[in-house]
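Below is one structure, written out as structure tokens, with a few remarks after it.
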Amino acid sequence: MTSPSGIRLDFATLLSTSIECVLYGISLVLFGGTVWALTHGRSKDEINWSVALVALILTILSTIHVAVDIQRLVVGFITKANFFPGGPTGFFADVTQRTFIIKHTVYVLQTLLGDGVVIYRCYVVWQRFGVIMLPAVLWCATSATSAALLYHISYATHSEDVFLSDIGKWVVLFYLLTMTTNVLSSALLAYRIWTTNRDEPGVVRVLSRSGVDATLLLRVLVDGAVLYTFTLFTLLACYAYQNTGQFIVLDMVTPIISITFYTVLVRIAIARNDSARVATASLSPLRFAVRVAPSLSEPRLSGARRSSF
């Protein structure tokens, strides 16, 4: 088993959990903002329960992940520090630990949920299954890869190197698939919004019933996609160079997935409220050319009750 480059594994674990706790705190604040965005000024029937459920699941998964990481710190540095072969470093490098399996299962579930949300948003704005066919196939491939990855982790031995064993091959494939899925879905989403609203320059357009300028919405979605893609690219690069920095970035990904999801909803809600205040305070009538496009939060469904995301 070769020694990975970078800082010592025990220090990397301590640092990664510390950063994760900070990001987790930020995600909790944004979760509160998401609850406000979904419920403010709305009756019970108007609340988007599907989005609320996704937000709640993301928060639960992030909470489990950070709790497991804290528990690993306690066991690695205190409970088994003097008894485990190799000390704390040996404990954190042991892929057979139950906590190691649990935290990676949570990460996989959160990744699949986050990618699924982006694909669904892509369908909402395109309203064509053919457009999302490739992202959907990539998502299914990511799911199958994650199942194989968790299977190999479950049956790993104490001596297996996470960088060089069969686990490493599945890890690289998983990272590549989820990054490709996210980039492709986000690109299709951004392209649709851009092409729908580029034909008449100088006109203020909003998405139907959302009251949000499409340009702002495009910027919000691109910001989230860039943040998540950059994190995944950094994670893949660290893993490719067998650097312990990948453990730091890996623990950051889980709260970042939640943060990107919440940020879209919160920024749209703030923009909608700002637009409403400006319209209310206006002393003279203004003309707006409004081009109705399918909303990310309210897809167009003929003959059925509107659902939203």
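Naming works like this for the structure tokens: A, B, ... for the chains as they're shown, residue 1 at the start of each chain, ligands 1 onward in shown order.
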
Would you pick out the contacts of Ser154 (chain A) at 9 Å or less, using only C-alpha atoms, so that residues sharing its chain but fewer than 2 positions from it are not included, and give the list as JSON, numbers by chain? {"A": [95, 96, 98, 101, 149, 150, 151, 152, 156, 157]}

Contact table region 51-77 of chain A vs region 109-122 of chain A, cut-off 10 Å, shortest pair per residue, only C-alpha atoms, as CSV:
residue,atom,partner,partner_atom,distance
A:Val51,CA,A:Val117,CA,9.5
A:Val54,CA,A:Leu113,CA,8.1
A:Ile57,CA,A:Gln110,CA,8.6
A:Leu58,CA,A:Gln110,CA,6.6
A:Thr59,CA,A:Gln110,CA,9.6
A:Ile60,CA,A:Gln110,CA,9.8
A:Leu61,CA,A:Gln110,CA,6.7
A:Ser62,CA,A:Gln110,CA,8.1
A:His65,CA,A:Gln110,CA,9.9

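Of the residues under consideration (A:Val108, A:Ile268, A:Tyr123, A:Phe129), A:Val108 shows the shortest atom-to-atom contact distance to Thr145 (chain A) when counting only C-alpha atoms.
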
Enumerate the residues of region 65-227 of chain A with a DSSP assignment of helix (DSSP H, G or I), computed from the backbone, and present them as JSON, numbers by chain. {"A": [65, 66, 67, 68, 69, 70, 71, 72, 73, 74, 75, 76, 77, 78, 79, 87, 88, 89, 90, 91, 92, 93, 98, 99, 100, 101, 102, 103, 104, 105, 106, 107, 108, 109, 110, 111, 112, 113, 114, 115, 116, 117, 118, 119, 120, 121, 122, 123, 124, 125, 126, 133, 134, 135, 136, 137, 138, 139, 140, 141, 142, 143, 144, 145, 146, 147, 148, 149, 150, 151, 152, 153, 154, 166, 167, 168, 169, 170, 171, 172, 173, 174, 175, 176, 177, 178, 179, 180, 181, 182, 183, 184, 185, 186, 187, 188, 189, 190, 191, 192, 193, 194, 195, 196, 214, 215, 216, 217, 218, 219, 220, 221, 222, 223, 224, 225, 226, 227]}

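The two atoms in question, CA of Val106 (chain A) and CA of Ala141 (chain A), are spaced 18.0 Å apart.
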
Quick one: residues within 7 Å of region 22-37 of chain A, only C-alpha atoms, excluding same-chain residues fewer than 3 positions away - as number ranges by chain? A: 18-19, 40, 255, 258-259, 262-263, 265-266, 269

Set the distance at 7 Å and use only C-alpha atoms: which residues neighbour Thr231 (chain A) once local chain neighbours fewer than 4 positions away are removed? I'd like the list as a ChimeraX atom specification. /A:227,235,253

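For Tyr191 (chain A), the set of protein, DNA and RNA residues having any atom at most 12 Å away, when counting only C-alpha atoms and skipping those fewer than 6 positions along the same chain, is A:Cys122, A:Val125, A:Trp126, A:Val131, A:Val183, A:Leu184, A:Ser185, A:Asn197, A:Arg198, A:Ala214, A:Thr215, A:Leu218, A:Arg219, A:Leu221, A:Val222.
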
Just to be explicit: take each residue in the selection above, keep C-alpha atoms, and write the result as a PDB file, in the first residue's frame.
ATOM      1  CA  CYS A 122     -34.071  20.671 -17.583  1.00  0.00           C
ATOM      2  CA  VAL A 125     -38.010  24.226 -19.346  1.00  0.00           C
ATOM      3  CA  TRP A 126     -37.786  22.046 -22.473  1.00  0.00           C
ATOM      4  CA  VAL A 131     -33.780  16.417 -24.708  1.00  0.00           C
ATOM      5  CA  VAL A 183     -22.517  19.823 -16.768  1.00  0.00           C
ATOM      6  CA  LEU A 184     -24.701  18.523 -19.608  1.00  0.00           C
ATOM      7  CA  SER A 185     -27.989  19.079 -17.768  1.00  0.00           C
ATOM      8  CA  ASN A 197     -35.194  35.251 -24.022  1.00  0.00           C
ATOM      9  CA  ARG A 198     -32.593  36.615 -26.482  1.00  0.00           C
ATOM     10  CA  ALA A 214     -35.002  35.266 -16.921  1.00  0.00           C
ATOM     11  CA  THR A 215     -31.513  36.801 -17.098  1.00  0.00           C
ATOM     12  CA  LEU A 218     -29.923  32.145 -15.849  1.00  0.00           C
ATOM     13  CA  ARG A 219     -27.156  33.721 -13.768  1.00  0.00           C
ATOM     14  CA  LEU A 221     -28.396  28.564 -12.287  1.00  0.00           C
ATOM     15  CA  VAL A 222     -25.001  29.049 -13.936  1.00  0.00           C
TER      16      VAL A 222
END

Applying 12 Å and only C-alpha atoms, which residues near Cys238 (chain A) remain after dropping the ones on its own chain fewer than 2 positions away? List them as a compact mmCIF listing (two decimals) with C-alpha atoms, in the first residue's frame.
# COMPACT_ATOMS: atom_id res chain seq x y z
CA PRO A 4 -0.74 9.16 -0.66
CA SER A 5 0.80 12.58 -1.18
CA GLY A 6 -0.27 15.74 0.61
CA PHE A 163 -6.45 4.96 -4.60
CA VAL A 172 -13.00 7.72 -10.81
CA TYR A 175 -16.84 11.22 -10.39
CA THR A 231 -15.73 21.22 -6.73
CA LEU A 232 -16.09 17.92 -8.58
CA PHE A 233 -13.18 18.75 -10.90
CA THR A 234 -10.98 19.55 -7.90
CA LEU A 235 -12.06 16.31 -6.25
CA LEU A 236 -11.24 14.28 -9.36
CA ALA A 240 -6.01 11.27 -9.82
CA TYR A 241 -2.82 12.52 -8.14
CA GLN A 242 -3.48 10.37 -5.04
CA ASN A 243 -3.52 13.45 -2.85
CA THR A 244 -5.13 13.42 0.59
CA GLY A 245 -6.74 16.72 -0.33
CA GLN A 246 -9.46 14.65 -1.97
CA PHE A 247 -10.75 13.67 1.49
CA ILE A 248 -11.11 17.38 2.33
CA VAL A 249 -12.95 18.19 -0.89
CA LEU A 250 -15.12 15.06 -0.62

Nearby residues (only C-alpha atoms) at most 9 Å from Val66 (chain A), same-chain spacing under 2 positions excluded, as a tab-separated table (two decimals) with N, CA and C atoms, in the first residue's frame:
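Generated output (selection17.tsv):
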chain	number	residue	atom	x	y	z
A	17	THR	N	-13.51	17.81	8.25
A	17	THR	CA	-14.71	17.85	9.09
A	17	THR	C	-14.98	19.27	9.59
A	20	GLU	N	-16.43	21.12	6.71
A	20	GLU	CA	-17.78	20.61	6.47
A	20	GLU	C	-18.78	21.18	7.46
A	21	CYS	N	-18.36	21.31	8.72
A	21	CYS	CA	-19.26	21.86	9.74
A	21	CYS	C	-19.62	23.32	9.42
A	24	TYR	N	-21.95	23.21	6.52
A	24	TYR	CA	-23.23	22.67	7.00
A	24	TYR	C	-24.04	23.75	7.69
A	61	LEU	N	-29.82	14.26	4.90
A	61	LEU	CA	-28.60	13.57	4.45
A	61	LEU	C	-27.35	14.33	4.88
A	62	SER	N	-27.38	15.65	4.77
A	62	SER	CA	-26.22	16.46	5.20
A	62	SER	C	-25.99	16.32	6.70
A	63	THR	N	-27.06	16.26	7.46
A	63	THR	CA	-26.95	16.10	8.91
A	63	THR	C	-26.35	14.75	9.28
A	64	ILE	N	-26.80	13.70	8.61
A	64	ILE	CA	-26.25	12.36	8.86
A	64	ILE	C	-24.76	12.34	8.53
A	68	VAL	N	-21.79	11.60	11.20
A	68	VAL	CA	-20.90	10.45	11.06
A	68	VAL	C	-19.44	10.89	11.06
A	69	ASP	N	-19.14	12.00	10.39
A	69	ASP	CA	-17.76	12.49	10.36
A	69	ASP	C	-17.29	12.92	11.75
A	70	ILE	N	-18.16	13.55	12.52
A	70	ILE	CA	-17.80	13.93	13.89
A	70	ILE	C	-17.58	12.69	14.74
A	71	GLN	N	-18.42	11.69	14.55
A	71	GLN	CA	-18.27	10.44	15.30
A	71	GLN	C	-16.96	9.74	14.94
A	103	LYS	N	-20.91	7.00	5.45
A	103	LYS	CA	-20.71	8.36	4.93
A	103	LYS	C	-20.68	8.39	3.41
A	251	ASP	N	-15.62	15.78	1.65
A	251	ASP	CA	-16.52	16.14	2.74
A	251	ASP	C	-17.18	17.50	2.51
A	254	THR	N	-20.92	17.30	0.02
A	254	THR	CA	-22.26	17.05	0.53
A	254	THR	C	-23.00	18.33	0.92
A	255	PRO	N	-22.42	19.21	1.75
A	255	PRO	CA	-23.14	20.47	2.02
A	255	PRO	C	-23.23	21.39	0.82

How far is it from CA of Arg128 (chain A) to CA of Trp194 (chain A), in Å with one decimal? 17.0 Å

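CA of Tyr155 (chain A) is positioned 21.7 Å from CA of Val75 (chain A).
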